[in-house]
$ cat data_10.txt   # compact mmCIF, C-alpha atoms
# COMPACT_ATOMS: atom_id res chain seq x y z
CA MET A 928 -83.23 -197.29 90.63
CA GLY A 929 -80.27 -197.59 92.96
CA LYS A 930 -81.19 -201.09 94.16
CA ASP A 931 -79.76 -204.17 92.57
CA LEU A 932 -81.52 -207.51 92.09
CA LYS A 933 -80.05 -209.20 95.19
CA SER A 934 -81.21 -206.46 97.56
CA GLU A 935 -84.81 -206.82 96.33
CA MET A 936 -85.02 -210.60 96.69
CA THR A 937 -87.31 -211.82 99.44
CA ASN A 938 -86.84 -215.52 98.80
CA PRO A 939 -86.69 -217.41 102.14
CA PHE A 940 -84.27 -219.91 100.62
CA TYR A 941 -81.76 -217.21 99.72
CA GLN A 942 -79.19 -216.41 102.39
CA LYS A 943 -77.51 -213.04 101.86
CA GLN A 944 -74.51 -213.81 104.09
CA ASN A 945 -72.98 -216.57 102.02
CA ASN A 946 -75.07 -216.44 98.83
CA ALA A 947 -76.24 -220.02 99.38
CA ILE A 948 -79.60 -221.52 98.64
CA HIS A 949 -80.77 -224.03 101.25
CA ALA A 950 -83.07 -226.85 100.23
CA LEU A 951 -84.17 -230.15 101.65
CA THR A 952 -82.88 -233.47 100.40
CA ARG A 953 -85.36 -236.02 99.08
CA ALA A 954 -85.07 -238.02 102.30
CA GLU A 955 -85.83 -234.90 104.35
CA GLU A 956 -88.85 -234.15 102.17
CA GLU A 957 -90.12 -237.69 102.64
CA GLY A 958 -89.64 -237.22 106.37
CA CYS A 959 -91.81 -234.10 106.14
CA PHE A 960 -94.54 -236.11 104.38
CA LYS A 961 -94.40 -238.81 107.06
CA GLU A 962 -94.45 -236.25 109.86
CA LEU A 963 -97.42 -234.45 108.30
CA LYS A 964 -99.31 -237.73 107.94
CA ALA A 965 -98.55 -238.78 111.52
CA THR A 966 -99.72 -235.42 112.82
CA ALA A 967 -102.96 -235.65 110.84
CA LEU A 968 -103.61 -239.19 112.07
CA LYS A 969 -103.02 -238.13 115.66
CA LYS A 970 -105.30 -235.09 115.45
CA CYS A 971 -108.09 -237.04 113.73
CA ASP A 972 -107.79 -240.18 115.86
CA ASP A 973 -111.27 -239.96 117.41
CA VAL A 974 -112.93 -239.52 114.00
CA ILE A 975 -110.90 -242.37 112.52
CA GLN A 976 -111.79 -244.69 115.39
CA ASP A 977 -115.47 -243.82 114.93
CA PHE A 978 -115.26 -244.86 111.26
CA VAL A 979 -113.32 -248.03 112.12
CA GLN A 980 -115.96 -249.05 114.65
CA CYS A 981 -118.69 -248.42 112.09
CA SER A 982 -116.86 -250.51 109.50
CA LYS A 983 -116.53 -253.38 111.99
CA ASP A 984 -120.26 -253.28 112.71
CA HIS A 985 -121.28 -253.15 109.03
CA THR A 986 -118.91 -255.38 107.09
CA VAL A 987 -120.84 -255.86 103.84
CA THR A 988 -122.80 -252.61 103.84
CA VAL A 989 -119.93 -250.41 105.03
CA ILE A 990 -120.08 -248.30 101.86
CA PHE A 991 -123.67 -247.28 102.49
CA SER A 992 -123.86 -247.40 106.28
CA CYS A 993 -120.65 -245.51 107.07
CA ARG A 994 -120.64 -243.01 104.20
CA GLY A 995 -121.16 -240.01 106.48
CA LYS A 996 -118.44 -241.09 108.89
CA SER A 997 -116.08 -241.70 105.98
CA ARG A 998 -116.68 -238.19 104.69
CA VAL A 999 -116.08 -236.68 108.12
CA MET A 1000 -112.86 -238.68 108.47
CA ASN A 1001 -111.61 -237.64 105.02
CA LYS A 1002 -112.52 -234.00 105.65
CA CYS A 1003 -110.56 -234.05 108.91
CA LEU A 1004 -107.51 -235.70 107.32
CA ASN A 1005 -107.62 -233.37 104.33
CA SER A 1006 -107.71 -230.31 106.59
CA TYR A 1007 -104.40 -231.32 108.20
CA THR A 1008 -102.62 -232.54 105.05
CA THR A 1009 -102.94 -229.52 102.78
CA GLN A 1010 -100.12 -228.20 100.64
CA GLU A 1011 -99.98 -225.12 102.88
CA GLU A 1012 -99.33 -227.27 105.96
CA LEU A 1013 -96.64 -229.18 104.10
CA ASP A 1014 -95.00 -225.94 102.97
CA LYS A 1015 -95.01 -224.60 106.55
CA LEU A 1016 -93.35 -227.78 107.76
CA LYS A 1017 -90.74 -227.66 104.98
CA LEU A 1018 -89.93 -224.02 105.73
CA THR A 1019 -89.41 -224.77 109.43
CA LYS A 1020 -87.12 -227.68 108.48
CA ILE A 1021 -85.17 -225.45 106.09
CA ALA A 1022 -84.85 -222.75 108.75
CA ALA A 1023 -83.63 -225.29 111.30
CA LYS A 1024 -81.15 -226.66 108.78
CA ALA A 1025 -79.87 -223.16 107.98
CA ASN A 1026 -79.52 -222.32 111.69
CA ALA A 1027 -77.62 -225.54 112.31
CA ARG A 1028 -75.31 -224.77 109.41
CA ASN A 1029 -74.73 -221.19 110.60
CA SER A 1030 -74.01 -222.23 114.19
CA ALA A 1031 -71.58 -224.95 113.13

$ encode --input "data_10.txt" --output "structure tokens"
Amino acid sequence: MGKDLKSEMTNPFYQKQNNAIHALTRAEEEGCFKELKATALKKCDDVIQDFVQCSKDHTVTVIFSCRGKSRVMNKCLNSYTTQEELDKLKLTKIAAKANARNSA
């Protein structure tokens, strides 16, 4: 039992050099949300455009006529906007912030 608590910590936010915890500000977190949404919209653009075209063709019956395309669009967007993807993006932002702080 020769190890102390600090040597066993594997928290990515904990920096052993200066005992500081790095976190994102609220504005940086909101930027992560916006970036995640923009990425999802870009990757699902063809599916979204397919649904938009269907909704233009069927104005009143869009709910019934475009149901399948709506589900495909939502499935695509949901696959790129998961909590795991958001966490990955936040961790890369935190790492970049820590590197910038260490190099300064």

$ atom_distance --input "data_10.txt" --atom1 "CA of Ala1025 (chain A)" --atom2 "CA of Tyr1007 (chain A)"
25.9 Å

$ atom_distance --input "data_10.txt" --atom1 "CA of Gln1010 (chain A)" --atom2 "CA of Glu955 (chain A)"
16.2 Å

$ residues_around --input "data_10.txt" --residues "Ala1023 (chain A)" --least-positions-apart "5" --cutoff "12 Å" --atoms "all atoms listed in the file" --output "PDB file with C-alpha atoms, in the frame of the given file"
ATOM      1  CA  PHE A 940     -84.270-219.910 100.620  1.00  0.00           C
ATOM      2  CA  HIS A 949     -80.770-224.030 101.250  1.00  0.00           C
ATOM      3  CA  ALA A 950     -83.070-226.850 100.230  1.00  0.00           C
ATOM      4  CA  LEU A 951     -84.170-230.150 101.650  1.00  0.00           C
ATOM      5  CA  LEU A1016     -93.350-227.780 107.760  1.00  0.00           C
ATOM      6  CA  LYS A1017     -90.740-227.660 104.980  1.00  0.00           C
ATOM      7  CA  LEU A1018     -89.930-224.020 105.730  1.00  0.00           C
ATOM      8  CA  ARG A1028     -75.310-224.770 109.410  1.00  0.00           C
ATOM      9  CA  ASN A1029     -74.730-221.190 110.600  1.00  0.00           C
ATOM     10  CA  SER A1030     -74.010-222.230 114.190  1.00  0.00           C
TER      11      SER A1030
END

$ residues_around --input "data_10.txt" --residues "Asp977 (chain A)" --least-positions-apart "3" --cutoff "10 Å" --atoms "all atoms listed in the file" --output "list in words"
Asp972, Asp973, Val974, Gln980, Cys981, Ser982, Cys993, Lys996, Ser997, Val999 and Met1000 of chain A

$ atom_distance --input "data_10.txt" --atom1 "CA of Asn1026 (chain A)" --atom2 "CA of Thr952 (chain A)"
16.2 Å

$ closest_residue --input "data_10.txt" --among "A:Lys970, A:Lys1015, A:Lys964, A:Arg953" --to "Cys1003 (chain A)" --atoms "only C-alpha atoms"
A:Lys970
